[in-house]
file coords.txt (compact mmCIF, C-alpha atoms)
# COMPACT_ATOMS: atom_id res chain seq x y z
CA MET A 1 15.92 -44.58 -16.41
CA LEU A 2 18.02 -46.74 -14.07
CA TYR A 3 15.53 -49.59 -14.37
CA VAL A 4 15.60 -49.25 -18.16
CA VAL A 5 19.37 -49.77 -18.06
CA LEU A 6 18.95 -52.73 -15.70
CA ALA A 7 16.35 -54.24 -18.04
CA PHE A 8 18.76 -54.00 -20.96
CA LEU A 9 21.53 -55.53 -18.82
CA PHE A 10 19.34 -58.51 -17.94
CA LEU A 11 18.16 -58.83 -21.56
CA ALA A 12 21.76 -58.80 -22.85
CA ILE A 13 22.81 -61.48 -20.36
CA VAL A 14 19.80 -63.68 -21.19
CA LEU A 15 20.28 -63.36 -24.96
CA TYR A 16 23.98 -64.11 -24.65
CA PHE A 17 23.19 -67.28 -22.71
CA LEU A 18 20.51 -68.30 -25.24
CA LEU A 19 22.39 -67.48 -28.45
CA GLY A 20 25.99 -67.66 -27.33
CA GLY A 21 25.22 -70.71 -25.21
CA ALA A 22 23.70 -72.53 -28.18
CA ASP A 23 26.68 -71.43 -30.26
CA PHE A 24 29.14 -72.91 -27.75
CA GLY A 25 26.89 -75.94 -27.38
CA ALA A 26 27.26 -76.78 -31.06
CA GLY A 27 30.97 -77.31 -30.46
CA ILE A 28 30.20 -79.34 -27.33
CA ILE A 29 27.85 -81.57 -29.32
CA GLU A 30 30.57 -82.04 -31.94
CA LEU A 31 33.10 -82.87 -29.21
CA PHE A 32 30.91 -85.76 -28.02
CA THR A 33 29.90 -86.99 -31.48
CA SER A 34 31.43 -90.10 -33.02
CA GLU A 35 33.86 -89.66 -35.89
CA LYS A 36 31.49 -91.15 -38.47
CA ASN A 37 28.72 -88.66 -37.63
CA ARG A 38 30.82 -85.52 -37.23
CA SER A 39 30.60 -84.53 -40.89
CA SER A 40 26.79 -84.45 -40.93
CA THR A 41 26.77 -82.76 -37.50
CA ARG A 42 29.03 -79.98 -38.78
CA LYS A 43 26.88 -79.51 -41.88
CA THR A 44 23.73 -79.11 -39.80
CA MET A 45 25.56 -76.95 -37.29
CA TYR A 46 26.73 -74.49 -39.98
CA HIS A 47 23.12 -73.95 -41.09
CA ALA A 48 21.95 -73.54 -37.50
CA ILE A 49 24.56 -71.15 -36.11
CA GLY A 50 25.44 -69.39 -39.35
CA PRO A 51 23.14 -66.42 -38.71
CA ILE A 52 24.26 -65.89 -35.12
CA TRP A 53 27.85 -67.03 -34.65
CA GLU A 54 29.31 -63.65 -35.57
CA ALA A 55 26.52 -61.58 -33.98
CA ASN A 56 25.88 -63.30 -30.65
CA HIS A 57 28.91 -61.80 -28.89
CA MET A 58 27.29 -58.42 -29.44
CA TRP A 59 25.14 -59.18 -26.39
CA LEU A 60 28.23 -59.78 -24.28
CA ILE A 61 29.69 -56.50 -25.50
CA ILE A 62 26.46 -54.66 -24.62
CA ALA A 63 26.50 -56.15 -21.10
CA VAL A 64 30.15 -55.16 -20.65
CA VAL A 65 29.51 -51.61 -21.90
CA ILE A 66 26.52 -51.23 -19.56
CA LEU A 67 28.63 -52.33 -16.59
CA PHE A 68 31.61 -50.19 -17.62
CA VAL A 69 29.58 -47.02 -18.19
CA GLY A 70 26.71 -47.42 -15.77
CA PHE A 71 28.30 -49.36 -12.90
CA PRO A 72 32.06 -48.64 -12.97
CA ILE A 73 32.75 -49.75 -9.37
CA ILE A 74 31.13 -53.15 -9.93
CA TYR A 75 32.91 -53.47 -13.27
CA SER A 76 36.33 -52.68 -11.79
CA GLN A 77 35.87 -55.06 -8.85
CA MET A 78 34.77 -57.85 -11.15
CA CYS A 79 37.68 -57.32 -13.53
CA THR A 80 40.11 -57.22 -10.60
CA TYR A 81 39.13 -60.28 -8.58
CA LEU A 82 37.88 -62.41 -11.49
CA HIS A 83 40.46 -61.37 -14.07
CA ILE A 84 41.83 -64.91 -14.50
CA PRO A 85 38.54 -66.63 -15.49
CA LEU A 86 37.59 -63.55 -17.53
CA LEU A 87 40.88 -63.81 -19.44
CA VAL A 88 40.42 -67.54 -20.06
CA MET A 89 36.88 -66.94 -21.30
CA LEU A 90 37.97 -64.18 -23.68
CA LEU A 91 40.82 -66.32 -25.01
CA GLY A 92 38.33 -69.14 -25.56
CA ILE A 93 35.98 -66.85 -27.50
CA THR A 94 38.86 -65.65 -29.68
CA ALA A 95 40.27 -69.14 -30.29
CA ARG A 96 36.86 -70.58 -31.06
CA GLY A 97 35.88 -67.88 -33.55
CA THR A 98 39.26 -68.08 -35.27
CA ALA A 99 39.14 -71.86 -35.57
CA PHE A 100 35.54 -71.78 -36.85
CA ALA A 101 36.48 -69.33 -39.61
CA PHE A 102 39.74 -71.00 -40.59
CA ARG A 103 38.38 -74.50 -40.86
CA ASN A 104 35.63 -73.26 -43.19
CA TYR A 105 37.56 -70.78 -45.32
CA ASP A 106 41.10 -72.15 -45.28
CA ALA A 107 42.24 -72.07 -48.90
CA ILE A 108 44.38 -75.20 -48.55
CA LYS A 109 42.33 -77.24 -46.08
CA GLY A 110 45.06 -79.75 -45.37
CA GLU A 111 44.22 -82.66 -43.10
CA ARG A 112 46.78 -81.63 -40.47
CA THR A 113 45.59 -78.02 -40.23
CA GLN A 114 41.94 -79.08 -40.28
CA ASN A 115 42.57 -81.38 -37.32
CA ILE A 116 44.15 -78.48 -35.43
CA TYR A 117 41.23 -76.17 -36.20
CA ASN A 118 38.72 -78.86 -35.20
CA ARG A 119 40.41 -79.50 -31.87
CA VAL A 120 40.72 -75.81 -31.06
CA PHE A 121 37.06 -75.29 -31.95
CA VAL A 122 35.60 -78.12 -29.85
CA TYR A 123 37.85 -77.64 -26.80
CA SER A 124 37.36 -73.88 -26.70
CA SER A 125 33.60 -74.50 -27.11
CA PHE A 126 33.79 -76.46 -23.86
CA ILE A 127 36.19 -74.21 -21.96
CA THR A 128 34.44 -70.90 -22.73
CA PRO A 129 30.99 -71.68 -21.25
CA LEU A 130 32.74 -73.47 -18.37
CA PHE A 131 34.49 -70.27 -17.34
CA LEU A 132 31.44 -68.17 -18.16
CA GLY A 133 29.56 -70.24 -15.61
CA ILE A 134 32.44 -70.05 -13.15
CA ILE A 135 32.31 -66.25 -13.37
CA ALA A 136 28.53 -66.27 -12.84
CA GLY A 137 28.86 -68.63 -9.90
CA SER A 138 31.67 -66.59 -8.36
CA ALA A 139 29.52 -63.46 -8.44
CA ILE A 140 27.02 -65.04 -6.05
CA SER A 141 29.29 -67.44 -4.14
CA ARG A 142 30.39 -64.95 -1.43
CA GLN A 143 33.96 -66.14 -2.01
CA ILE A 144 35.27 -62.85 -3.42
CA ASP A 145 37.42 -61.21 -0.74
CA LEU A 146 37.74 -57.45 -1.22
CA HIS A 147 40.49 -57.36 1.40
CA PRO A 148 42.65 -60.38 0.56
CA THR A 149 45.69 -61.31 2.61
CA SER A 150 47.36 -63.25 -0.18
CA PHE A 151 47.32 -63.75 -3.95
CA LEU A 152 45.49 -67.08 -3.59
CA SER A 153 42.71 -65.70 -1.41
CA GLY A 154 42.26 -62.65 -3.64
CA TYR A 155 42.58 -64.00 -7.17
CA ILE A 156 42.31 -67.80 -7.09
CA PHE A 157 39.90 -68.94 -4.39
CA SER A 158 37.49 -66.17 -5.39
CA TRP A 159 36.51 -68.36 -8.34
CA LEU A 160 38.20 -71.74 -7.84
CA ASN A 161 35.71 -73.32 -5.45
CA TYR A 162 33.20 -76.16 -5.57
CA PHE A 163 30.16 -73.96 -6.14
CA SER A 164 31.62 -71.89 -8.99
CA VAL A 165 32.98 -74.96 -10.78
CA ALA A 166 29.61 -76.72 -10.40
CA VAL A 167 27.85 -73.70 -11.94
CA GLY A 168 30.44 -73.79 -14.76
CA LEU A 169 29.70 -77.45 -15.51
CA PHE A 170 25.97 -76.74 -15.35
CA THR A 171 26.45 -73.96 -17.90
CA VAL A 172 28.31 -76.34 -20.21
CA ALA A 173 25.48 -78.87 -19.96
CA LEU A 174 22.83 -76.19 -20.63
CA SER A 175 24.79 -74.98 -23.67
CA GLY A 176 24.96 -78.49 -25.11
CA TYR A 177 21.28 -79.00 -24.37
CA LEU A 178 20.26 -75.77 -26.12
CA ALA A 179 22.38 -76.60 -29.16
CA ALA A 180 20.97 -80.13 -29.44
CA VAL A 181 17.38 -78.84 -29.25
CA TYR A 182 18.07 -76.15 -31.85
CA LEU A 183 19.75 -78.68 -34.15
CA ILE A 184 16.74 -81.03 -34.05
CA GLY A 185 14.71 -78.55 -36.07
CA GLU A 186 17.55 -77.92 -38.52
CA ALA A 187 18.22 -81.55 -39.42
CA ASP A 188 17.14 -82.45 -42.97
CA ASP A 189 17.59 -86.17 -42.48
CA GLU A 190 15.31 -88.13 -40.13
CA LYS A 191 18.27 -90.16 -38.92
CA ASP A 192 20.13 -86.98 -37.96
CA ALA A 193 17.04 -85.59 -36.24
CA LYS A 194 16.72 -88.73 -34.11
CA ARG A 195 20.41 -88.52 -33.26
CA PHE A 196 20.03 -84.91 -32.08
CA ILE A 197 16.96 -85.89 -30.05
CA LYS A 198 19.11 -88.52 -28.35
CA LYS A 199 21.81 -85.90 -27.73
CA ALA A 200 19.23 -83.49 -26.31
CA ARG A 201 17.96 -86.16 -23.91
CA LEU A 202 21.50 -86.98 -22.82
CA MET A 203 22.41 -83.34 -22.28
CA ASN A 204 19.11 -82.85 -20.43
CA ILE A 205 20.06 -85.64 -18.02
CA VAL A 206 23.58 -84.24 -17.63
CA ALA A 207 22.15 -80.77 -16.93
CA VAL A 208 19.90 -82.21 -14.21
CA ILE A 209 22.88 -84.00 -12.63
CA PHE A 210 25.06 -80.89 -12.69
CA GLY A 211 22.13 -78.82 -11.46
CA ALA A 212 21.91 -81.14 -8.45
CA MET A 213 25.67 -80.73 -8.00
CA VAL A 214 25.18 -76.95 -7.82
CA PHE A 215 22.82 -77.36 -4.87
CA ILE A 216 25.14 -79.88 -3.19
CA ALA A 217 28.13 -77.56 -3.67
CA ALA A 218 26.06 -74.64 -2.37
CA GLY A 219 25.34 -76.58 0.81
CA PHE A 220 29.01 -77.47 1.14
CA GLU A 221 30.00 -73.82 0.73
CA ASN A 222 27.26 -72.69 3.15
CA ILE A 223 25.31 -70.87 0.41
CA GLN A 224 21.56 -70.86 1.10
CA LEU A 225 20.69 -71.45 -2.55
CA ALA A 226 17.63 -73.65 -2.05
CA ARG A 227 16.13 -71.29 0.52
CA LEU A 228 16.72 -68.28 -1.70
CA ILE A 229 15.21 -69.88 -4.82
CA PHE A 230 12.23 -71.60 -3.23
CA GLY A 231 11.69 -68.94 -0.58
CA ASN A 232 10.15 -66.28 -2.82
CA HIS A 233 7.18 -66.41 -5.16
CA VAL A 234 8.93 -65.07 -8.29
CA SER A 235 11.85 -67.51 -8.27
CA LEU A 236 9.59 -70.41 -7.35
CA SER A 237 7.18 -69.51 -10.16
CA ALA A 238 10.12 -69.31 -12.60
CA VAL A 239 11.24 -72.80 -11.58
CA ILE A 240 7.69 -74.15 -12.06
CA ILE A 241 7.44 -72.55 -15.52
CA ALA A 242 10.85 -73.98 -16.47
CA SER A 243 9.74 -77.46 -15.39
CA ALA A 244 6.44 -77.15 -17.29
CA SER A 245 8.32 -75.96 -20.41
CA LEU A 246 10.57 -79.00 -20.19
CA LEU A 247 7.64 -81.41 -20.06
CA LEU A 248 5.79 -79.61 -22.85
CA MET A 249 8.91 -79.55 -25.03
CA TRP A 250 9.43 -83.31 -24.82
CA SER A 251 5.75 -83.85 -25.48
CA LEU A 252 5.96 -81.79 -28.68
CA ILE A 253 9.07 -83.66 -29.82
CA GLY A 254 7.10 -86.88 -29.54
CA ARG A 255 4.43 -85.38 -31.80
CA GLY A 256 6.99 -84.41 -34.44
CA LYS A 257 6.84 -80.64 -33.80
CA ARG A 258 10.54 -79.91 -33.96
CA LYS A 259 10.67 -76.22 -34.80
CA ILE A 260 8.63 -74.81 -31.95
CA ILE A 261 10.49 -76.79 -29.28
CA ARG A 262 13.40 -74.33 -29.28
CA VAL A 263 11.02 -71.71 -27.86
CA PHE A 264 10.38 -73.90 -24.82
CA ALA A 265 14.08 -74.68 -24.41
CA ALA A 266 14.83 -70.96 -24.47
CA CYS A 267 12.01 -70.40 -21.96
CA GLN A 268 13.59 -72.93 -19.59
CA VAL A 269 16.97 -71.21 -19.58
CA THR A 270 15.37 -67.77 -19.28
CA MET A 271 13.35 -68.89 -16.26
CA ILE A 272 16.46 -70.36 -14.62
CA LEU A 273 18.28 -67.04 -15.06
CA LEU A 274 15.23 -65.16 -13.78
CA ALA A 275 15.00 -67.37 -10.69
CA VAL A 276 18.67 -66.86 -9.83
CA GLY A 277 18.72 -63.17 -10.78
CA TYR A 278 15.62 -62.21 -8.85
CA MET A 279 16.71 -63.85 -5.61
CA HIS A 280 19.91 -61.78 -5.57
CA PHE A 281 18.59 -58.50 -6.94
CA PRO A 282 19.78 -55.77 -6.57
CA TYR A 283 23.15 -57.35 -5.73
CA PHE A 284 25.36 -58.11 -8.74
CA ILE A 285 28.33 -59.41 -6.76
CA MET A 286 28.00 -60.95 -3.29
CA VAL A 287 31.31 -60.73 -1.43
CA LYS A 288 32.83 -62.46 1.56
CA ASP A 289 32.41 -59.80 4.22
CA GLY A 290 28.74 -59.19 3.40
CA ALA A 291 29.26 -55.74 1.81
CA ASN A 292 27.49 -56.81 -1.38
CA LEU A 293 27.83 -54.70 -4.53
CA SER A 294 24.37 -53.34 -5.35
CA LEU A 295 23.22 -52.20 -8.78
CA LEU A 296 20.91 -49.67 -7.13
CA ASN A 297 23.62 -48.03 -5.00
CA LEU A 298 26.83 -48.31 -7.01
CA HIS A 299 25.68 -46.83 -10.30
CA ALA A 300 27.10 -43.87 -12.22
CA PRO A 301 25.70 -40.33 -11.80
CA ALA A 302 22.09 -39.83 -12.86
CA LYS A 303 23.08 -37.89 -16.01
CA THR A 304 25.28 -40.78 -17.17
CA ILE A 305 22.52 -43.32 -16.49
CA ASP A 306 19.99 -41.18 -18.38
CA ASP A 307 22.28 -40.86 -21.41
CA LEU A 308 23.11 -44.58 -21.31
CA GLY A 309 19.44 -45.54 -21.11
CA LEU A 310 18.56 -43.25 -24.01
CA ALA A 311 21.41 -44.65 -26.11
CA LEU A 312 20.26 -48.21 -25.40
CA VAL A 313 16.66 -47.45 -26.37
CA ILE A 314 17.68 -45.72 -29.62
CA GLY A 315 20.23 -48.43 -30.39
CA SER A 316 17.63 -51.17 -29.95
CA PHE A 317 15.54 -49.64 -32.74
CA LEU A 318 18.57 -49.95 -35.01
CA ILE A 319 20.04 -53.27 -33.88
CA LEU A 320 16.99 -55.48 -33.38
CA PRO A 321 15.45 -54.97 -36.87
CA SER A 322 18.88 -55.64 -38.40
CA LEU A 323 19.17 -58.91 -36.46
CA PHE A 324 15.70 -60.02 -37.45
CA TYR A 325 16.55 -59.27 -41.09
CA LEU A 326 19.77 -61.26 -40.72
CA TYR A 327 17.89 -64.32 -39.48
CA TYR A 328 15.23 -63.85 -42.16
CA SER A 329 17.89 -63.65 -44.90
CA PHE A 330 19.54 -66.88 -43.78
CA GLN A 331 16.19 -68.68 -43.66
CA LYS A 332 15.33 -67.50 -47.17
CA GLN A 333 18.75 -68.54 -48.41
CA GLU A 334 18.22 -72.05 -47.02
CA GLU A 335 14.79 -72.26 -48.71
CA ILE A 336 16.29 -71.27 -52.08
CA VAL A 337 19.12 -73.78 -51.70
call {"tool": "encode", "arguments": {"input": "coords.txt", "output": "structure tokens"}}
result
Amino acid sequence: MLYVVLAFLFLAIVLYFLLGGADFGAGIIELFTSEKNRSSTRKTMYHAIGPIWEANHMWLIIAVVILFVGFPIIYSQMCTYLHIPLLVMLLGITARGTAFAFRNYDAIKGERTQNIYNRVFVYSSFITPLFLGIIAGSAISRQIDLHPTSFLSGYIFSWLNYFSVAVGLFTVALSGYLAAVYLIGEADDEKDAKRFIKKARLMNIVAVIFGAMVFIAAGFENIQLARLIFGNHVSLSAVIIASASLLLMWSLIGRGKRKIIRVFAACQVTMILLAVGYMHFPYFIMVKDGANLSLLNLHAPAKTIDDLGLALVIGSFLILPSLFYLYYSFQKQEEIV
């Protein structure tokens, strides 16, 4: 049952990156859109993220619950040494959701308040995935010191380092890339579709640049990232599949197939997460002194894991059909409109 719980943990993390990342990316795309095109971008964005913007954080909650119940030691260490970026990320999620709701349903919709909501939305859309990536990078950076000698070494330098920040910027670029690809298929106007294709290409280039920065920062921080990724068959295969998906996706865009391309974009991100996750498994957090926190050793008692696994399996039969129906309802509503 432990591996069932671990499978759900990985699934929750992947789905949060795919859905939540695209959600954040919509705000990033808006942030880097000219004033004259922002209105049409927002209109397309509302159709695209409408079905998921309130539901995607469910995957984050599931991941947190799994860690809290099934791996309490790992959860407590993470919340202790990474509490600052975690707090910033949570504040960003709250601010972004609030601004998104208020700017759509504000009864007055004054120009001044709308400008405030817009700024909060786009900036929090950038900050949140940035710190999400910083947290992910910190977990594998070996910079977390479980026996700090000062506040800075314990709670600042554990996440404020070149590698973690590079992973954060890479996450921002991936989020913008996912959103741009998803928006291509949602655009009703050919001009808008071409604009989103241009955005997707730009974010693709930015993601490649920041991805290279991750490897450079890893070398600077003495993290053997390249050896770990390309040194095992699973991670290497995941990288090859991600690269093939990228080429196939751009080929399909050129042929005008703009709905199916999101599958290949999602495949890319999934393979990247698989490559990184597999090379560190079973370690969830890699700390400075080498006493890495293992998911296989630091789990709750077997009875707790069994109950958690059973609850996750039963819950999936309730949650997943509801989500599929939610997406189906929104698609039908768009067809009627």
call {"tool": "atom_distance", "arguments": {"input": "coords.txt", "atom1": "CA of Asn118 (chain A)", "atom2": "CA of Phe100 (chain A)"}}
result
7.9 Å
call {"tool": "residues_near_point", "arguments": {"input": "coords.txt", "point": "(24.2, -87.7, -34.0)", "cutoff": "9 Å", "atoms": "all atoms listed in the file", "output": "PyMOL selection string"}}
result
chain A and resi 29-30+33-34+37-38+40-41+191-199
call {"tool": "atom_distance", "arguments": {"input": "coords.txt", "atom1": "CA of Ser39 (chain A)", "atom2": "CA of Gly254 (chain A)"}}
result
26.2 Å
call {"tool": "closest_residue", "arguments": {"input": "coords.txt", "among": "A:Phe264, A:Tyr177, A:Tyr3, A:Phe170", "to": "Phe131 (chain A)", "atoms": "all atoms listed in the file"}}
result
A:Phe170
call {"tool": "closest_residue", "arguments": {"input": "coords.txt", "among": "A:Ala179, A:Ala218, A:Ile108, A:Leu308", "to": "Leu18 (chain A)", "atoms": "only C-alpha atoms"}}
result
A:Ala179
call {"tool": "residues_around", "arguments": {"input": "coords.txt", "residues": "Ala266 (chain A)", "least_positions_apart": "5", "cutoff": "9 Å", "atoms": "only C-alpha atoms", "output": "list in words"}}
result
Leu18, Leu178, Ile261 and Met271 of chain A
call {"tool": "residues_around", "arguments": {"input": "coords.txt", "residues": "Ile272 (chain A)", "least_positions_apart": "4", "cutoff": "12 Å", "atoms": "only C-alpha atoms", "output": "number ranges by chain"}}
result
A: 14, 17-18, 170-171, 174, 211, 229, 234-243, 245-246, 265-268, 276-279
call {"tool": "write_last_selection", "arguments": {"input": "coords.txt", "atoms": "C-alpha atoms", "output": "PDB file, in the frame of the given file"}}
result
ATOM      1  CA  VAL A  14      19.800 -63.680 -21.190  1.00  0.00           C
ATOM      2  CA  PHE A  17      23.190 -67.280 -22.710  1.00  0.00           C
ATOM      3  CA  LEU A  18      20.510 -68.300 -25.240  1.00  0.00           C
ATOM      4  CA  PHE A 170      25.970 -76.740 -15.350  1.00  0.00           C
ATOM      5  CA  THR A 171      26.450 -73.960 -17.900  1.00  0.00           C
ATOM      6  CA  LEU A 174      22.830 -76.190 -20.630  1.00  0.00           C
ATOM      7  CA  GLY A 211      22.130 -78.820 -11.460  1.00  0.00           C
ATOM      8  CA  ILE A 229      15.210 -69.880  -4.820  1.00  0.00           C
ATOM      9  CA  VAL A 234       8.930 -65.070  -8.290  1.00  0.00           C
ATOM     10  CA  SER A 235      11.850 -67.510  -8.270  1.00  0.00           C
ATOM     11  CA  LEU A 236       9.590 -70.410  -7.350  1.00  0.00           C
ATOM     12  CA  SER A 237       7.180 -69.510 -10.160  1.00  0.00           C
ATOM     13  CA  ALA A 238      10.120 -69.310 -12.600  1.00  0.00           C
ATOM     14  CA  VAL A 239      11.240 -72.800 -11.580  1.00  0.00           C
ATOM     15  CA  ILE A 240       7.690 -74.150 -12.060  1.00  0.00           C
ATOM     16  CA  ILE A 241       7.440 -72.550 -15.520  1.00  0.00           C
ATOM     17  CA  ALA A 242      10.850 -73.980 -16.470  1.00  0.00           C
ATOM     18  CA  SER A 243       9.740 -77.460 -15.390  1.00  0.00           C
ATOM     19  CA  SER A 245       8.320 -75.960 -20.410  1.00  0.00           C
ATOM     20  CA  LEU A 246      10.570 -79.000 -20.190  1.00  0.00           C
ATOM     21  CA  ALA A 265      14.080 -74.680 -24.410  1.00  0.00           C
ATOM     22  CA  ALA A 266      14.830 -70.960 -24.470  1.00  0.00           C
ATOM     23  CA  CYS A 267      12.010 -70.400 -21.960  1.00  0.00           C
ATOM     24  CA  GLN A 268      13.590 -72.930 -19.590  1.00  0.00           C
ATOM     25  CA  VAL A 276      18.670 -66.860  -9.830  1.00  0.00           C
ATOM     26  CA  GLY A 277      18.720 -63.170 -10.780  1.00  0.00           C
ATOM     27  CA  TYR A 278      15.620 -62.210  -8.850  1.00  0.00           C
ATOM     28  CA  MET A 279      16.710 -63.850  -5.610  1.00  0.00           C
TER      29      MET A 279
END
call {"tool": "closest_residue", "arguments": {"input": "coords.txt", "among": "A:Glu186, A:Val88, A:Leu225, A:Ser158", "to": "Ile144 (chain A)", "atoms": "only C-alpha atoms"}}
result
A:Ser158
call {"tool": "atom_distance", "arguments": {"input": "coords.txt", "atom1": "CA of Leu247 (chain A)", "atom2": "CA of Asn204 (chain A)"}}
result
11.6 Å
call {"tool": "axis_aligned_box", "arguments": {"input": "coords.txt", "around": "region 278-289 of chain A", "padding_each_side": "4 Å", "output": "lines of an AutoDock Vina configuration file"}}
result
center_x = 24.2
center_y = -59.8
center_z = -2.3
size_x = 25.2
size_y = 16.1
size_z = 21.1
call {"tool": "closest_residue", "arguments": {"input": "coords.txt", "among": "A:Pro85, A:Gly231, A:Gly137, A:Pro129", "to": "Gly176 (chain A)", "atoms": "all atoms listed in the file"}}
result
A:Pro129
call {"tool": "residues_around", "arguments": {"input": "coords.txt", "residues": "Val69 (chain A)", "least_positions_apart": "2", "cutoff": "8 Å", "atoms": "only C-alpha atoms", "output": "mmCIF file with C-alpha atoms, in the coordinates of the input"}}
result
data_model
loop_
_atom_site.group_PDB
_atom_site.id
_atom_site.type_symbol
_atom_site.label_atom_id
_atom_site.label_comp_id
_atom_site.auth_asym_id
_atom_site.auth_seq_id
_atom_site.Cartn_x
_atom_site.Cartn_y
_atom_site.Cartn_z
ATOM 1 C CA VAL A 65 29.510 -51.610 -21.900
ATOM 2 C CA ILE A 66 26.520 -51.230 -19.560
ATOM 3 C CA LEU A 67 28.630 -52.330 -16.590
ATOM 4 C CA PHE A 71 28.300 -49.360 -12.900
ATOM 5 C CA PRO A 72 32.060 -48.640 -12.970
ATOM 6 C CA ALA A 300 27.100 -43.870 -12.220
ATOM 7 C CA THR A 304 25.280 -40.780 -17.170
ATOM 8 C CA LEU A 308 23.110 -44.580 -21.310
#
call {"tool": "residues_around", "arguments": {"input": "coords.txt", "residues": "Asp306 (chain A)", "least_positions_apart": "6", "cutoff": "10 Å", "atoms": "all atoms listed in the file", "output": "PyMOL selection string"}}
result
chain A and resi 1-2+4-5+70+300+312
call {"tool": "closest_residue", "arguments": {"input": "coords.txt", "among": "A:Ser175, A:Gln143, A:Asn232, A:Ser153", "to": "Ala26 (chain A)", "atoms": "all atoms listed in the file"}}
result
A:Ser175
call {"tool": "residues_around", "arguments": {"input": "coords.txt", "residues": "Ala226 (chain A)", "least_positions_apart": "6", "cutoff": "10 Å", "atoms": "all atoms listed in the file", "output": "list in words"}}
result
Phe215, Ile216, Ala218 and Gly219 of chain A
call {"tool": "write_last_selection", "arguments": {"input": "coords.txt", "atoms": "C-alpha atoms", "output": "compact mmCIF listing (two decimals), in the coordinates of the input"}}
result
# COMPACT_ATOMS: atom_id res chain seq x y z
CA PHE A 215 22.82 -77.36 -4.87
CA ILE A 216 25.14 -79.88 -3.19
CA ALA A 218 26.06 -74.64 -2.37
CA GLY A 219 25.34 -76.58 0.81
